[in-house]
>>> print(open('work.cif').read())   # mmCIF, C-alpha atoms
data_run
#
loop_
_atom_site.label_atom_id
_atom_site.label_comp_id
_atom_site.auth_asym_id
_atom_site.auth_seq_id
_atom_site.Cartn_x
_atom_site.Cartn_y
_atom_site.Cartn_z
CA MET A 11 143.43 46.40 16.47
CA GLU A 12 142.77 48.81 13.62
CA PHE A 13 142.47 47.60 10.07
CA MET A 14 145.70 47.32 8.09
CA THR A 15 145.72 48.23 4.40
CA ILE A 16 147.12 45.82 1.85
CA SER A 17 150.19 48.05 1.47
CA GLU A 18 150.80 48.04 5.23
CA VAL A 19 150.48 44.27 5.41
CA SER A 20 152.75 43.86 2.38
CA LYS A 21 155.44 46.07 3.90
CA GLY A 22 155.07 44.75 7.45
CA PHE A 23 155.29 41.08 6.53
CA LYS A 24 157.52 41.40 3.43
CA VAL A 25 155.08 39.69 1.10
CA SER A 26 154.00 41.16 -2.23
CA THR A 27 150.52 42.60 -2.70
CA ARG A 28 150.24 40.27 -5.67
CA THR A 29 150.70 37.25 -3.43
CA LEU A 30 148.18 38.62 -0.92
CA ARG A 31 145.58 39.02 -3.64
CA TYR A 32 146.30 35.51 -4.89
CA TYR A 33 145.84 34.08 -1.40
CA GLU A 34 142.46 35.82 -1.28
CA LYS A 35 141.52 34.60 -4.75
CA ILE A 36 142.05 30.95 -3.80
CA GLY A 37 140.13 31.41 -0.55
CA LEU A 38 143.16 31.18 1.73
CA LEU A 39 143.18 34.73 3.17
CA PRO A 40 140.04 36.89 3.54
CA SER A 41 140.11 40.70 3.33
CA LYS A 42 137.52 43.42 3.78
CA HIS A 43 136.46 46.50 1.83
CA GLU A 44 135.50 49.14 4.38
CA GLU A 45 133.87 52.46 3.46
CA ASP A 46 136.63 54.50 5.11
CA TYR A 47 139.34 52.74 3.08
CA ALA A 48 139.88 52.96 -0.66
CA TYR A 49 141.62 49.59 -0.77
CA ARG A 50 141.18 46.14 0.73
CA VAL A 51 142.05 45.92 4.42
CA TYR A 52 142.77 43.15 6.90
CA ASP A 53 141.48 42.73 10.44
CA GLU A 54 143.31 41.07 13.33
CA SER A 55 142.09 37.56 12.53
CA SER A 56 143.21 37.88 8.89
CA VAL A 57 146.63 39.15 9.94
CA LYS A 58 147.10 36.24 12.34
CA ARG A 59 145.99 33.86 9.61
CA LEU A 60 148.56 35.38 7.25
CA GLN A 61 151.27 34.89 9.88
CA CYS A 62 150.35 31.21 10.07
CA ILE A 63 150.42 30.92 6.28
CA LEU A 64 153.87 32.51 6.07
CA ILE A 65 155.25 30.26 8.81
CA LEU A 66 153.95 27.16 7.05
CA ARG A 67 155.27 28.37 3.67
CA LYS A 68 158.73 28.83 5.19
CA LEU A 69 158.44 25.22 6.36
CA ARG A 70 157.79 24.33 2.70
CA ILE A 71 154.19 23.28 3.21
CA SER A 72 152.18 23.57 -0.03
CA LEU A 73 149.27 26.02 -0.33
CA LYS A 74 146.81 23.14 -0.74
CA GLU A 75 148.09 21.55 2.46
CA ILE A 76 148.01 24.91 4.28
CA ALA A 77 144.33 25.28 3.36
CA LEU A 78 143.63 21.84 4.86
CA ILE A 79 145.56 22.69 8.03
CA LEU A 80 143.80 26.03 8.59
CA GLU A 81 140.30 24.83 7.78
CA ASN A 82 140.41 21.39 9.39
CA PRO A 83 141.07 21.20 13.15
CA GLU A 84 141.52 17.43 12.92
CA GLN A 85 144.98 16.90 14.38
CA LEU A 86 145.51 13.48 12.83
CA GLN A 87 145.26 14.95 9.33
CA ILE A 88 147.70 17.73 10.24
CA ILE A 89 150.12 15.16 11.64
CA GLU A 90 149.84 13.18 8.41
CA ILE A 91 150.68 16.28 6.35
CA PHE A 92 153.70 17.09 8.52
CA GLN A 93 154.97 13.49 8.45
CA LYS A 94 154.71 13.44 4.66
CA ASN A 95 156.83 16.58 4.42
CA ILE A 96 159.32 15.21 6.97
CA ALA A 97 159.74 12.10 4.81
CA GLU A 98 160.43 14.26 1.75
CA LEU A 99 162.95 16.36 3.67
CA ASN A 100 164.71 13.25 4.96
CA GLY A 101 165.09 12.11 1.37
CA GLU A 102 166.64 15.45 0.39
CA ILE A 103 168.96 15.41 3.41
CA THR A 104 170.11 11.91 2.52
CA ALA A 105 170.74 12.96 -1.07
CA LEU A 106 172.69 16.04 0.01
CA ASN A 107 174.85 14.11 2.44
CA ILE A 108 175.63 11.43 -0.15
CA ILE A 109 176.48 13.98 -2.83
CA ARG A 110 178.76 15.84 -0.40
CA ASP A 111 180.54 12.63 0.61
CA VAL A 112 181.02 11.54 -3.00
CA LEU A 113 182.43 14.92 -3.98
CA GLU A 114 184.83 14.80 -1.02
CA ILE A 115 186.06 11.41 -2.23
CA PHE A 116 186.57 12.81 -5.72
CA VAL A 117 188.54 15.78 -4.37
CA SER A 118 190.70 13.57 -2.17
CA ARG A 119 191.58 11.17 -4.99
CA LEU A 120 192.24 13.97 -7.45
CA ASN A 121 194.59 15.61 -4.96
CA GLU A 122 196.46 12.33 -4.57
CA SER A 123 196.81 11.89 -8.34
CA ILE A 124 198.11 15.39 -9.09
CA GLY A 125 201.26 15.07 -11.20
CA THR A 126 200.43 11.56 -12.36
CA LYS A 127 198.59 10.21 -15.39
CA ILE A 128 196.09 8.36 -13.25
CA ARG A 129 192.54 9.41 -14.06
CA LEU A 130 189.61 9.21 -11.71
CA ASP A 131 187.33 6.25 -12.49
CA LEU A 132 183.77 7.48 -11.93
CA LEU A 133 181.93 4.34 -12.94
CA GLY A 134 183.79 1.24 -11.79
CA ASP A 135 184.44 2.19 -8.16
CA ALA A 136 182.98 0.05 -5.38
CA ASP A 137 183.33 2.89 -2.85
CA ILE A 138 181.30 5.20 -5.04
CA ILE A 139 178.62 2.53 -5.43
CA LYS A 140 178.53 2.20 -1.65
CA PHE A 141 177.88 5.93 -1.23
CA ILE A 142 175.32 6.17 -4.03
CA GLU A 143 173.39 3.07 -3.05
CA PRO A 144 171.13 4.78 -0.42
CA LEU A 145 169.69 7.00 -3.16
CA THR A 146 167.73 4.08 -4.59
CA PRO A 147 165.93 1.08 -3.06
CA SER A 148 167.80 -1.30 -5.37
CA ARG A 149 171.52 -1.74 -6.01
CA ILE A 150 172.84 0.59 -8.71
CA ASN A 151 174.69 -1.03 -11.57
CA PHE A 152 177.01 1.64 -12.93
CA LYS A 153 177.43 -0.32 -16.14
CA GLU A 154 173.84 0.50 -17.03
CA GLU A 155 173.23 3.51 -19.19
CA GLY A 156 170.75 5.10 -16.79
CA SER A 157 172.94 4.90 -13.69
CA MET A 158 174.15 8.50 -13.72
CA GLU A 159 170.56 9.62 -14.16
CA LYS A 160 169.90 8.51 -10.59
CA LEU A 161 172.77 10.66 -9.37
CA ASN A 162 171.44 13.60 -11.38
CA LYS A 163 168.05 13.23 -9.73
CA ALA A 164 169.70 13.37 -6.33
CA ASN A 165 171.70 16.38 -7.47
CA GLU A 166 168.47 18.24 -8.22
CA ALA A 167 167.88 18.39 -4.48
CA LEU A 168 170.71 20.92 -4.22
CA GLY A 169 168.60 23.67 -5.81
CA LYS A 170 165.87 24.44 -8.28
CA LEU A 171 168.06 26.65 -10.44
CA ARG A 172 170.60 24.07 -11.55
CA LYS A 173 168.77 23.73 -14.86
CA VAL A 174 168.20 27.32 -15.94
CA ARG A 175 167.25 27.32 -19.61
CA ILE A 176 168.69 29.74 -22.14
CA VAL A 177 165.98 30.88 -24.55
CA LEU A 178 165.98 33.19 -27.54
CA LEU A 179 162.81 35.24 -27.83
CA PRO A 180 162.33 36.21 -31.51
CA PRO A 181 160.94 39.60 -32.59
CA ILE A 182 157.20 39.59 -31.89
CA THR A 183 154.14 41.72 -32.49
CA VAL A 184 151.95 42.11 -29.43
CA ALA A 185 148.70 43.58 -28.23
CA SER A 186 149.61 45.46 -25.05
CA TYR A 187 147.59 46.83 -22.16
CA HIS A 188 149.01 48.87 -19.28
CA PHE A 189 147.24 49.87 -16.07
CA VAL A 190 148.34 51.64 -12.87
CA GLY A 191 146.09 51.32 -9.83
CA GLU A 192 144.70 48.78 -7.39
CA ASN A 193 144.86 45.17 -8.55
CA PRO A 194 146.77 45.96 -11.78
CA GLU A 195 147.43 42.31 -12.69
CA GLU A 196 143.76 41.41 -12.42
CA THR A 197 142.70 44.51 -14.34
CA VAL A 198 145.03 44.00 -17.30
CA GLY A 199 144.40 40.27 -17.23
CA GLY A 200 140.66 40.84 -17.61
CA VAL A 201 141.12 43.19 -20.56
CA VAL A 202 143.60 40.95 -22.37
CA ASP A 203 141.53 37.85 -21.65
CA LYS A 204 138.44 39.52 -23.14
CA PHE A 205 140.41 40.50 -26.24
CA ALA A 206 141.81 36.98 -26.69
CA CYS A 207 138.33 35.43 -26.48
CA GLU A 208 136.39 37.97 -28.53
CA SER A 209 139.00 38.13 -31.30
CA LYS A 210 139.29 34.32 -31.37
CA LEU A 211 143.02 34.86 -31.14
CA TYR A 212 143.80 31.18 -30.59
CA GLU A 213 142.20 30.26 -33.92
CA LYS A 214 144.27 32.92 -35.71
CA LYS A 215 147.50 32.28 -33.81
CA PRO A 216 147.60 28.90 -32.01
CA ASP A 217 151.13 29.61 -30.78
CA ALA A 218 150.14 32.91 -29.12
CA ARG A 219 152.05 33.68 -25.92
CA MET A 220 151.36 36.02 -23.03
CA PHE A 221 153.97 38.06 -21.13
CA GLY A 222 153.68 40.50 -18.24
CA PHE A 223 155.83 42.77 -16.08
CA ASN A 224 155.53 45.44 -13.39
CA HIS A 225 155.22 48.94 -14.86
CA PRO A 226 156.18 50.66 -12.62
CA ASN A 227 157.48 48.44 -9.84
CA PRO A 228 155.82 48.62 -6.40
CA SER A 229 157.22 51.39 -4.21
CA PRO A 230 156.86 52.07 -0.45
CA ILE A 231 156.06 55.73 -1.18
CA LYS A 232 153.33 55.07 -3.76
CA PRO A 233 149.98 53.42 -2.95
CA ASN A 234 149.68 51.84 -6.38
CA TYR A 235 151.92 50.27 -8.95
CA GLY A 236 151.33 49.16 -12.52
CA TYR A 237 151.35 46.07 -14.64
CA GLU A 238 151.61 45.62 -18.40
CA GLU A 239 150.67 42.54 -20.40
CA TRP A 240 151.55 41.52 -23.93
CA VAL A 241 149.83 38.85 -25.97
CA THR A 242 151.44 37.94 -29.27
CA ILE A 243 149.30 38.51 -32.37
CA PRO A 244 149.68 38.12 -36.16
CA GLU A 245 151.62 41.04 -37.68
CA ASP A 246 148.64 42.20 -39.77
CA MET A 247 146.12 42.04 -36.92
CA GLU A 248 144.64 45.28 -35.61
CA VAL A 249 143.74 45.68 -31.94
CA PRO A 250 140.89 47.67 -30.38
CA ALA A 251 141.37 50.37 -27.75
CA PRO A 252 142.39 50.42 -24.96
CA LEU A 253 144.95 47.88 -26.22
CA VAL A 254 147.99 49.12 -28.12
CA LYS A 255 149.83 47.30 -30.90
CA LYS A 256 153.60 47.07 -30.33
CA ARG A 257 156.68 45.54 -31.91
CA VAL A 258 159.07 43.85 -29.47
CA GLU A 259 162.64 43.06 -30.56
CA GLY A 260 163.10 39.99 -28.38
CA GLY A 261 166.51 38.81 -27.22
CA MET A 262 168.29 36.23 -25.08
CA TYR A 263 166.90 35.29 -21.67
CA ALA A 264 167.66 33.02 -18.74
CA ALA A 265 164.42 31.13 -18.06
CA HIS A 266 163.25 29.48 -14.85
CA THR A 267 159.80 27.96 -14.31
CA ILE A 268 157.91 28.59 -11.07
CA ALA A 269 154.56 27.49 -9.71
CA PHE A 270 152.35 30.50 -9.03
CA PRO A 271 152.87 32.54 -6.83
CA ASP A 272 156.54 31.72 -6.02
CA PHE A 273 157.81 35.06 -7.32
CA GLN A 274 160.49 35.17 -4.60
CA GLU A 275 162.50 32.93 -6.93
CA TRP A 276 163.25 36.02 -9.04
CA GLN A 277 166.05 36.60 -6.52
CA LEU A 278 167.48 33.13 -7.17
CA LEU A 279 167.41 33.64 -10.94
CA SER A 280 169.05 37.05 -10.60
CA LYS A 281 171.78 35.52 -8.43
CA TRP A 282 172.30 32.76 -11.01
CA ALA A 283 172.82 35.32 -13.78
CA GLU A 284 175.20 37.42 -11.69
CA GLU A 285 177.32 34.37 -10.77
CA SER A 286 177.32 32.73 -14.21
CA ASP A 287 180.71 32.15 -15.85
CA LYS A 288 179.25 32.46 -19.34
CA TYR A 289 176.40 34.97 -19.11
CA ALA A 290 175.77 38.38 -17.56
CA PRO A 291 172.51 40.23 -16.86
CA ASN A 292 171.43 42.54 -19.67
CA TYR A 293 168.99 44.74 -17.81
CA SER A 294 167.01 47.47 -19.53
CA GLU A 295 168.19 51.07 -19.28
CA GLN A 296 164.72 51.95 -17.98
CA GLY A 297 165.61 49.96 -14.88
CA GLU A 298 162.98 49.31 -12.24
CA GLU A 299 160.39 51.31 -14.16
CA ILE A 300 159.78 48.22 -16.30
CA MET A 301 161.18 45.57 -13.95
CA ASP A 302 164.67 45.88 -15.52
CA GLY A 303 163.39 44.31 -18.74
CA CYS A 304 162.50 41.03 -17.05
CA LEU A 305 159.38 39.25 -18.24
CA GLU A 306 156.90 36.80 -16.77
CA GLU A 307 155.45 34.40 -19.32
CA HIS A 308 152.19 32.80 -18.22
CA LEU A 309 152.42 29.32 -19.71
CA ASN A 310 149.36 27.92 -21.52
CA TRP A 311 147.46 31.12 -20.77
CA VAL A 312 146.06 31.86 -24.24
CA TYR A 313 145.02 28.26 -24.81
CA SER A 314 143.40 27.95 -21.38
CA SER A 315 141.58 31.25 -21.88
CA TYR A 316 140.24 30.12 -25.23
CA MET A 317 139.20 26.72 -23.88
CA GLY A 318 137.61 28.20 -20.77
CA TRP A 319 139.56 26.02 -18.36
CA PRO A 320 138.49 26.44 -14.71
CA LYS A 321 140.79 28.93 -13.01
CA ASN A 322 141.10 26.96 -9.78
CA GLY A 323 141.30 23.58 -11.47
CA ILE A 324 144.69 23.96 -13.15
CA ASP A 325 148.07 24.57 -11.55
CA GLY A 326 149.50 27.83 -12.83
CA TYR A 327 153.09 27.85 -14.08
CA ILE A 328 155.08 30.90 -15.11
CA ASP A 329 158.43 31.27 -16.82
CA LEU A 330 160.62 33.95 -15.26
CA LEU A 331 162.65 35.48 -18.10
CA LEU A 332 165.73 37.50 -17.18
CA PRO A 333 167.53 39.28 -20.06
CA ILE A 334 171.14 38.15 -20.45
CA LYS A 335 174.11 38.48 -22.77
CA LEU A 336 177.31 36.56 -23.36
CA LYS A 337 180.32 37.72 -21.37
#
>>> encode(input="work.cif", output="structure tokens")
Amino acid sequence: MEFMTISEVSKGFKVSTRTLRYYEKIGLLPSKHEEDYAYRVYDESSVKRLQCILILRKLRISLKEIALILENPEQLQIIEIFQKNIAELNGEITALNIIRDVLEIFVSRLNESIGTKIRLDLLGDADIIKFIEPLTPSRINFKEEGSMEKLNKANEALGKLRKVRIVLLPPITVASYHFVGENPEETVGGVVDKFACESKLYEKKPDARMFGFNHPNPSPIKPNYGYEEWVTIPEDMEVPAPLVKKRVEGGMYAAHTIAFPDFQEWQLLSKWAEESDKYAPNYSEQGEEIMDGCLEEHLNWVYSSYMGWPKNGIDGYIDLLLPIKLK
């Protein structure tokens, strides 16, 4: 088998180059840098390893557990990991079935009461208690204030995007760096990180925030794509080259938090905005050139950079910010 470039692997297995580089960074997927290739490449063993990773991810196995499975041939430990995930799935299935059954009861009773003044009693119904009871190890008392909270927790199993936040990003002044080439996120991240540390940005602006976006988006016909990062700075602060000082107008966004690198959830957030009764996407006129105006905010990034937190010792969380407007 000949070596496959990162672009070929990305296209062939429908996984972003960003995710591939992250898998390498955390030691999950090795690559090579051969003299005949300008970019990182993957041999047959790496490709097969990636296939295993993708299968396990589709089975909702965490990256930490995948690392244990691939590096440890001990079958008992693998069985333990799978059984743990089966138990979690059984809990979700139970919650989904109960929620479906309760909703069917509600629909049936509402249909029966059409044209009457009888209202559905959500809290004092023994049948409802019977259906909800499996969601908790103890009997639910619907007279208690926290009873519906248990139902809400079960409802969260229906999808991660049920609690999309609406945020207003105020006008901000940023130090920006843009790079097109191999590993654009790592390149701009290194430059912006150096600026944040050397300028002691956190001391000058403790509430500093960092945003990023593809610029331009990856394309099958281009070997490289770009990434741009913004870090908010005081209005009177000057920035050294190659950074550029910019003024950003802000706006209204639909926000959804992901654990790195679950960027596939951009599709779920986009679907949420398109199906919303109250909001509509407000994409940039520059379109895919700047990721439609969507932003990725790396939470706690400036603070962690300033404090020198270990990169592999902290779970990375990112807010996906999709521009929206009222309908």
>>> atom_distance(input="work.cif", atom1="atom CA of Leu309 of chain A", atom2="atom CA of Ser286 of chain A")
25.7 Å
>>> resolve_selection(input="work.cif", expression="the PyMOL selection byres ((chain A and resi 250) around 12)", output="PDB file with C-alpha atoms, in the coordinates of the input")
ATOM      1  CA  ALA A 185     148.700  43.580 -28.230  1.00  0.00           C
ATOM      2  CA  SER A 186     149.610  45.460 -25.050  1.00  0.00           C
ATOM      3  CA  TYR A 187     147.590  46.830 -22.160  1.00  0.00           C
ATOM      4  CA  VAL A 201     141.120  43.190 -20.560  1.00  0.00           C
ATOM      5  CA  VAL A 202     143.600  40.950 -22.370  1.00  0.00           C
ATOM      6  CA  LYS A 204     138.440  39.520 -23.140  1.00  0.00           C
ATOM      7  CA  PHE A 205     140.410  40.500 -26.240  1.00  0.00           C
ATOM      8  CA  ALA A 206     141.810  36.980 -26.690  1.00  0.00           C
ATOM      9  CA  GLU A 208     136.390  37.970 -28.530  1.00  0.00           C
ATOM     10  CA  SER A 209     139.000  38.130 -31.300  1.00  0.00           C
ATOM     11  CA  MET A 247     146.120  42.040 -36.920  1.00  0.00           C
ATOM     12  CA  GLU A 248     144.640  45.280 -35.610  1.00  0.00           C
ATOM     13  CA  VAL A 249     143.740  45.680 -31.940  1.00  0.00           C
ATOM     14  CA  ALA A 251     141.370  50.370 -27.750  1.00  0.00           C
ATOM     15  CA  PRO A 252     142.390  50.420 -24.960  1.00  0.00           C
ATOM     16  CA  LEU A 253     144.950  47.880 -26.220  1.00  0.00           C
ATOM     17  CA  VAL A 254     147.990  49.120 -28.120  1.00  0.00           C
ATOM     18  CA  LYS A 255     149.830  47.300 -30.900  1.00  0.00           C
TER      19      LYS A 255
END
>>> atom_distance(input="work.cif", atom1="atom CA of Ile176 of chain A", atom2="atom CA of Ala264 of chain A")
4.8 Å
>>> atom_distance(input="work.cif", atom1="atom CA of Val177 of chain A", atom2="atom CA of Ala265 of chain A")
6.7 Å
>>> closest_residue(input="work.cif", among="A:Leu113, A:Val312, A:Ile76, A:Val258", to="Lys210 of chain A", atoms="all atoms listed in the file")
A:Val312
>>> resolve_selection(input="work.cif", expression="the PyMOL selection byres ((chain A and resi 215-232) around 9)", output="compact mmCIF listing (two decimals) with C-alpha atoms, in the coordinates of the input")
# COMPACT_ATOMS: atom_id res chain seq x y z
CA SER A 17 150.19 48.05 1.47
CA LYS A 21 155.44 46.07 3.90
CA SER A 26 154.00 41.16 -2.23
CA THR A 27 150.52 42.60 -2.70
CA VAL A 184 151.95 42.11 -29.43
CA HIS A 188 149.01 48.87 -19.28
CA PHE A 189 147.24 49.87 -16.07
CA VAL A 190 148.34 51.64 -12.87
CA PRO A 194 146.77 45.96 -11.78
CA GLU A 195 147.43 42.31 -12.69
CA LYS A 210 139.29 34.32 -31.37
CA LEU A 211 143.02 34.86 -31.14
CA TYR A 212 143.80 31.18 -30.59
CA GLU A 213 142.20 30.26 -33.92
CA LYS A 214 144.27 32.92 -35.71
CA PRO A 233 149.98 53.42 -2.95
CA ASN A 234 149.68 51.84 -6.38
CA TYR A 235 151.92 50.27 -8.95
CA GLY A 236 151.33 49.16 -12.52
CA TYR A 237 151.35 46.07 -14.64
CA GLU A 238 151.61 45.62 -18.40
CA GLU A 239 150.67 42.54 -20.40
CA TRP A 240 151.55 41.52 -23.93
CA VAL A 241 149.83 38.85 -25.97
CA THR A 242 151.44 37.94 -29.27
CA ILE A 243 149.30 38.51 -32.37
CA PRO A 244 149.68 38.12 -36.16
CA GLU A 298 162.98 49.31 -12.24
CA GLU A 299 160.39 51.31 -14.16
CA ILE A 300 159.78 48.22 -16.30
CA MET A 301 161.18 45.57 -13.95
CA GLY A 303 163.39 44.31 -18.74
CA CYS A 304 162.50 41.03 -17.05
CA LEU A 305 159.38 39.25 -18.24
CA GLU A 306 156.90 36.80 -16.77
CA GLU A 307 155.45 34.40 -19.32
CA HIS A 308 152.19 32.80 -18.22
CA LEU A 309 152.42 29.32 -19.71
CA ASN A 310 149.36 27.92 -21.52
CA TRP A 311 147.46 31.12 -20.77
CA VAL A 312 146.06 31.86 -24.24
CA TYR A 313 145.02 28.26 -24.81
>>> resolve_selection(input="work.cif", expression="the PyMOL selection byres ((chain A and resi 289) around 10)", output="PyMOL selection string")
chain A and resi 176+263-264+282-288+290-292+333-337
>>> closest_residue(input="work.cif", among="A:Leu69, A:Leu179, A:Leu39, A:Leu60", to="Val25 of chain A", atoms="only C-alpha atoms")
A:Leu60
